[in-house]
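Asker: The structure is given below, and queries will be raised subsequently.
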Amino acid sequence: MISSLTAEKLACVRGDKKLFDGLNFRVTAGQALAVEGANGAGKTSLLRLIAGFLAPAAGRLIVKDAQGESDDAEERGKSVGWLGHQDGLKPQLTVLEQLNFFAHLYGKTADGALLDQIGLARQADLPCRYLSAGQRRRLALARLLASARPLWLLDEPFAALDTSGQALVGQLMARHCGAGGIIIAATHEPLGLGNESLKL
Amino acid sequence: MNFLFRYANPHEFMRLSGAVLPFTAVATMLCLAVGLYLGFSVPPDYQQGTTIALLFIHVPADVVAELAYGAIAVCSLLSLVWRHPLADTAARAAAPFGALFTALGLVTGSLWGKPMWGTYWVWDARLTSFLLLLFLYLGYMALWNAIEDETRAARAAAILALVGVVNIPIIKFSVDWWSTLHQGESIVSGKVAPVYLWPLLIMMLGYVLLFLTLWMVRIRTAILERRARNLMQAN
Amino acid sequence: MSPFVTLLLRDIRLAARSGGSAALALSFFALVATLVPLGVGADLHLLARVAGGILWVAAVLAALLSLDRLFQGDFEDGSLDVIALSPLPLELTALAKITAHWLSTGLPLTLLSPLLALLFNLPPQPTLILFVSLLIGTPAVSAVGAIGASLTLSLKRGGLILPLIILPLLAPAVIFGAGAVSLALDRLGAASALGLLAAFAFAAVLLSPFAAAASVRLNLGG
């Protein structure tokens, strides 16, 4: 459980380009932050920075939780639930196998009920190569839920989903914040969570 | 360590190398001239005849071949652990020369061995180890060239260089073991008669100075190239 | 199920399902073993002498075939991001993948080797030594191979550079492994050679995960 994530004077350089500089924001438990900006403005880079994949060119990211404050990137990564714009699904594995893999990898027990939640219960034994784009996205969401991490980093959470899928995402996000989680999402569309916005 | 970082600034490096370069260049030429003269005027070896002169071209090449890889390893460590900014440039610049000196060592070693062995290549342990070293250099340079992002290429190459430097003693040991297994004792003895010692040492110094001179020039060129690129991008 | 075993089983399952990388490696191994006598002639005495070296080199090359995909598959579809953020340290992730690669490639090659040794007229005792040497040595091939795979995982045609990087590093394994067979063929003790091979393999398996993890981290930040 994270009580807050603070960015201080964050700067990011990719290749020879400076994407952003002097970035400050703060998100507390139960809050969501929408990161907006044109393509290539650095939304994904910011998410990768928070996840700990990238090191900032300047500035700090401070996580405050029950144990105190820390700006260690690896530690922060262990609190992150990641939903990138790629699905991370193997075509040869079935839906259930894929979900179980991620659940066990994250040290959680596999929960078949999750498939019901995201509407893929009937496809449990279908290899992932036969899923539609929307179904793949839903499975990725199930993976996110299974990992039970407090800080959700979402890259275009509504992409590739139909209206019912998007409604589902909205529900899951609201529930996550309601339970005290934090969401930071790069998005072109409004999150609908009464959230703050950050423009890059 | 602080001394190294004083020259981490490309500006400082250009200044220092610019001052030092004329001296190393002259010293290189002197050493090589004196060494070659002495080397070619030594009495012929009773066993090897006049081809002993190749000793003075071959052995120093081998020395620099290993030295260069060591230099790359040190630069790689500086790059990965201490983030020394010039270290990547320096490491990359040293590689082609290391490869060239290794190849020179192989060719001269082969020519030197021909009168003794009757053929150009007998899989002698020392030369075989250097052949493997040549491949290590080629792999290192290939990795630098293959990865497009320069920062990523630099760090990947640094990891490879460190893995390589740890492996080199193991490779040498295994090749020596292999050689005694299949061919009995090594053919080329390591003893050098005193009259050959001075020319050898002077040539070694000359080669090392040659490497350092060429290395510095190449680093300077790389720095200047980057400056030119930055200027062009700015418009 | 522990995270390590989870990843290990998944990778084995993937290898088994994606057109059998084991079958590919085994076929390559057998093909090379067939081509060499075609190249050097069927002098049984000569073939027995070169069996150790040829089969060792062929096994290394066969194991190389699937190495470039070791991390690349997960990198390309975004799985590696999720795996890297799991509780499993990246070093153990690398070790799990190395183990899975060995189980799906190195081990099958080792099991096929006595049959191929037959084609080379290798007597029983040296064949046993060949088997043991491959059993001990192929883990080193997977381990050192993982370093090359992680360094080149972002390259589209990294498959060409991978052998160049790791084959020199594997020279000791080939030397000790094939050397053991040679010694056995000459009725000399192969124990020293096998011991050296075991030491090399042990060091490789112990240390490679660190280098591989460092390279993966490097590429994830790219």
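Note on naming: chains are A, B, ... as they come in the structure tokens, residues start from 1 per chain, ligands start from 1 in the order shown.
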Which chain A residues have any atom within 10 Å of an atom of chain B, and for each, what is the nearest pair of atoms with distance in Å to one decimal, counting only C-alpha atoms, rows sorted by chain and number, as JSON lines?
Answerer:
{"residue": "A:Arg14", "atom": "CA", "partner": "B:Asp149", "partner_atom": "CA", "distance": 9.6}
{"residue": "A:Gly15", "atom": "CA", "partner": "B:Asp149", "partner_atom": "CA", "distance": 6.9}
{"residue": "A:Asp16", "atom": "CA", "partner": "B:Asn230", "partner_atom": "CA", "distance": 9.6}
Asker: Write out as a PyMOL selection string each polymer residue whose atoms come within 9 Å of region 31-36 of chain C, counting only C-alpha atoms; drop sequence neighbours fewer than 6 positions from it.
Answerer: chain C and resi 47+51+54-55+58+116-117+119-120
Asker: Given the selection you just returned, output its residues as a file containing C-alpha atoms, formatted as a PDB file, in the first residue's frame.
Answerer:
ATOM      1  CA  LEU C  47      36.189 -40.688 -37.823  1.00  0.00           C
ATOM      2  CA  ALA C  51      34.237 -37.786 -33.269  1.00  0.00           C
ATOM      3  CA  ILE C  54      33.032 -32.825 -34.426  1.00  0.00           C
ATOM      4  CA  LEU C  55      30.154 -33.835 -32.189  1.00  0.00           C
ATOM      5  CA  ALA C  58      27.966 -29.673 -33.792  1.00  0.00           C
ATOM      6  CA  LEU C 116      25.585 -40.245 -33.436  1.00  0.00           C
ATOM      7  CA  ALA C 117      28.794 -41.497 -31.856  1.00  0.00           C
ATOM      8  CA  LEU C 119      28.012 -43.248 -36.844  1.00  0.00           C
ATOM      9  CA  PHE C 120      31.575 -42.246 -36.037  1.00  0.00           C
TER      10      PHE C 120
END
Asker: What's the separation between CA of Leu145 (chain A) and CA of Leu193 (chain A), in Å to one decimal place?
Answerer: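 Straight-line distance from CA of Leu145 (chain A) to CA of Leu193 (chain A) works out to 18.2 Å.
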Asker: Using only C-alpha atoms, find the residues of chain C whose closest atom to chain A is at most 12 Å away, then write them as a ChimeraX atom specification.
Answerer: /C:1-19,73-90,92-93,96,216-222
Asker: Once you have the residues from the selection above, write them out as a PDB file, in the first residue's frame, restricted to C-alpha atoms.
Answerer:
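Everything below was put into selection06.pdb:
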ATOM      1  CA  MET C   1       4.417 -22.766  -7.326  1.00  0.00           C
ATOM      2  CA  SER C   2       7.416 -20.525  -6.870  1.00  0.00           C
ATOM      3  CA  PRO C   3       7.976 -17.707  -9.374  1.00  0.00           C
ATOM      4  CA  PHE C   4      11.209 -19.370 -10.545  1.00  0.00           C
ATOM      5  CA  VAL C   5       9.539 -22.686 -11.310  1.00  0.00           C
ATOM      6  CA  THR C   6       6.598 -20.885 -12.894  1.00  0.00           C
ATOM      7  CA  LEU C   7       8.853 -19.132 -15.383  1.00  0.00           C
ATOM      8  CA  LEU C   8      10.891 -22.267 -15.987  1.00  0.00           C
ATOM      9  CA  LEU C   9       7.822 -24.352 -16.788  1.00  0.00           C
ATOM     10  CA  ARG C  10       6.342 -21.673 -18.998  1.00  0.00           C
ATOM     11  CA  ASP C  11       9.506 -21.422 -21.085  1.00  0.00           C
ATOM     12  CA  ILE C  12       9.696 -25.196 -21.457  1.00  0.00           C
ATOM     13  CA  ARG C  13       6.047 -25.296 -22.433  1.00  0.00           C
ATOM     14  CA  LEU C  14       6.615 -22.539 -25.015  1.00  0.00           C
ATOM     15  CA  ALA C  15       9.625 -24.360 -26.438  1.00  0.00           C
ATOM     16  CA  ALA C  16       7.603 -27.545 -26.703  1.00  0.00           C
ATOM     17  CA  ARG C  17       4.729 -25.831 -28.456  1.00  0.00           C
ATOM     18  CA  SER C  18       6.494 -23.512 -30.869  1.00  0.00           C
ATOM     19  CA  GLY C  19       7.412 -25.933 -33.602  1.00  0.00           C
ATOM     20  CA  GLY C  73      10.436 -13.092 -27.755  1.00  0.00           C
ATOM     21  CA  ASP C  74       9.458 -11.705 -24.371  1.00  0.00           C
ATOM     22  CA  PHE C  75      11.095  -8.389 -25.174  1.00  0.00           C
ATOM     23  CA  GLU C  76       9.169  -7.930 -28.399  1.00  0.00           C
ATOM     24  CA  ASP C  77       5.692  -8.643 -27.070  1.00  0.00           C
ATOM     25  CA  GLY C  78       6.030  -6.738 -23.813  1.00  0.00           C
ATOM     26  CA  SER C  79       6.165  -9.783 -21.523  1.00  0.00           C
ATOM     27  CA  LEU C  80       9.664  -8.945 -20.407  1.00  0.00           C
ATOM     28  CA  ASP C  81       8.453  -5.663 -18.902  1.00  0.00           C
ATOM     29  CA  VAL C  82       5.909  -7.520 -16.788  1.00  0.00           C
ATOM     30  CA  ILE C  83       8.364 -10.262 -15.860  1.00  0.00           C
ATOM     31  CA  ALA C  84      10.993  -7.707 -14.847  1.00  0.00           C
ATOM     32  CA  LEU C  85       8.560  -6.067 -12.424  1.00  0.00           C
ATOM     33  CA  SER C  86       7.668  -9.352 -10.746  1.00  0.00           C
ATOM     34  CA  PRO C  87       9.080 -10.372  -7.341  1.00  0.00           C
ATOM     35  CA  LEU C  88      11.541 -12.642  -9.182  1.00  0.00           C
ATOM     36  CA  PRO C  89      14.960 -10.904  -9.382  1.00  0.00           C
ATOM     37  CA  LEU C  90      16.190 -10.470 -12.931  1.00  0.00           C
ATOM     38  CA  LEU C  92      16.884 -15.571 -11.298  1.00  0.00           C
ATOM     39  CA  THR C  93      14.766 -14.829 -14.352  1.00  0.00           C
ATOM     40  CA  ALA C  96      15.275 -19.865 -15.143  1.00  0.00           C
ATOM     41  CA  VAL C 216      18.451  -7.111 -19.935  1.00  0.00           C
ATOM     42  CA  ARG C 217      18.201  -4.091 -17.640  1.00  0.00           C
ATOM     43  CA  LEU C 218      20.191  -2.123 -20.144  1.00  0.00           C
ATOM     44  CA  ASN C 219      17.793  -3.035 -22.937  1.00  0.00           C
ATOM     45  CA  LEU C 220      14.635  -2.468 -20.925  1.00  0.00           C
ATOM     46  CA  GLY C 221      15.761   1.103 -20.391  1.00  0.00           C
ATOM     47  CA  GLY C 222      16.177   1.650 -24.070  1.00  0.00           C
TER      48      GLY C 222
END
Asker: Quick one: residues within 12 Å of Arg220 (chain B), only C-alpha atoms, excluding same-chain residues fewer than 4 positions away - as an MDAnalysis selection string?
Answerer: chainID B and resid 10:18 21 86 89:90 93 213:216 224:227
Asker: Could you save the residues just selected, with N, CA and C atoms, as a compact mmCIF listing (two decimals), in the first residue's frame?
Answerer:
# COMPACT_ATOMS: atom_id res chain seq x y z
N PRO B 10 35.57 16.49 -22.20
CA PRO B 10 36.20 16.40 -23.53
C PRO B 10 37.13 17.56 -23.81
N HIS B 11 36.73 18.73 -23.35
CA HIS B 11 37.54 19.92 -23.54
C HIS B 11 38.94 19.74 -22.96
N GLU B 12 38.93 19.28 -21.69
CA GLU B 12 40.19 19.05 -20.99
C GLU B 12 41.02 18.01 -21.72
N PHE B 13 40.34 16.96 -22.19
CA PHE B 13 41.06 15.89 -22.87
C PHE B 13 41.70 16.42 -24.14
N MET B 14 40.94 17.23 -24.89
CA MET B 14 41.49 17.80 -26.14
C MET B 14 42.72 18.63 -25.84
N ARG B 15 42.62 19.39 -24.76
CA ARG B 15 43.73 20.27 -24.40
C ARG B 15 44.96 19.44 -24.04
N LEU B 16 44.75 18.48 -23.15
CA LEU B 16 45.87 17.67 -22.68
C LEU B 16 46.47 16.84 -23.81
N SER B 17 45.58 16.17 -24.57
CA SER B 17 46.11 15.30 -25.63
C SER B 17 46.80 16.14 -26.70
N GLY B 18 46.26 17.30 -26.96
CA GLY B 18 46.89 18.17 -27.95
C GLY B 18 48.30 18.55 -27.55
N LEU B 21 50.48 15.02 -27.57
CA LEU B 21 50.58 14.27 -28.82
C LEU B 21 51.88 14.47 -29.60
N LEU B 86 33.95 9.98 -20.99
CA LEU B 86 34.80 9.72 -22.15
C LEU B 86 35.16 8.25 -22.31
N THR B 89 33.85 6.39 -25.47
CA THR B 89 34.54 6.83 -26.68
C THR B 89 35.94 6.21 -26.73
N ALA B 90 36.62 6.24 -25.60
CA ALA B 90 37.97 5.70 -25.56
C ALA B 90 37.99 4.21 -25.85
N ALA B 93 37.36 3.53 -29.47
CA ALA B 93 38.48 3.96 -30.30
C ALA B 93 39.63 2.98 -30.25
N THR B 213 49.57 6.89 -29.19
CA THR B 213 49.44 8.03 -30.09
C THR B 213 48.22 7.86 -30.99
N LEU B 214 48.13 6.70 -31.64
CA LEU B 214 47.00 6.46 -32.53
C LEU B 214 45.68 6.52 -31.76
N TRP B 215 45.69 5.98 -30.55
CA TRP B 215 44.49 5.95 -29.73
C TRP B 215 44.01 7.37 -29.42
N MET B 216 44.97 8.21 -29.00
CA MET B 216 44.61 9.58 -28.66
C MET B 216 44.06 10.31 -29.88
N LEU B 224 35.68 15.41 -31.99
CA LEU B 224 35.43 16.45 -32.99
C LEU B 224 34.21 16.09 -33.84
N GLU B 225 34.08 14.80 -34.18
CA GLU B 225 32.93 14.36 -34.97
C GLU B 225 31.64 14.66 -34.25
N ARG B 226 31.63 14.37 -32.94
CA ARG B 226 30.42 14.60 -32.19
C ARG B 226 30.09 16.08 -32.12
N ARG B 227 31.12 16.90 -31.99
CA ARG B 227 30.89 18.35 -31.97
C ARG B 227 30.28 18.80 -33.28
Asker: Counting only C-alpha atoms, collect the residues of chain C whose closest atom lies at most 8 Å from chain B, and write them out as a ChimeraX atom specification.
Answerer: /C:151-152,154-155,158,161,164-165,168-169,171-172,175-176,179,211,214-215,218-219,222
Asker: Measure the distance from CA of Gly145 (chain C) to CA of Leu107 (chain C) in Å and round it to one decimal.
Answerer: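 Value for the CA of Gly145 (chain C)-CA of Leu107 (chain C) distance: 15.0 Å.
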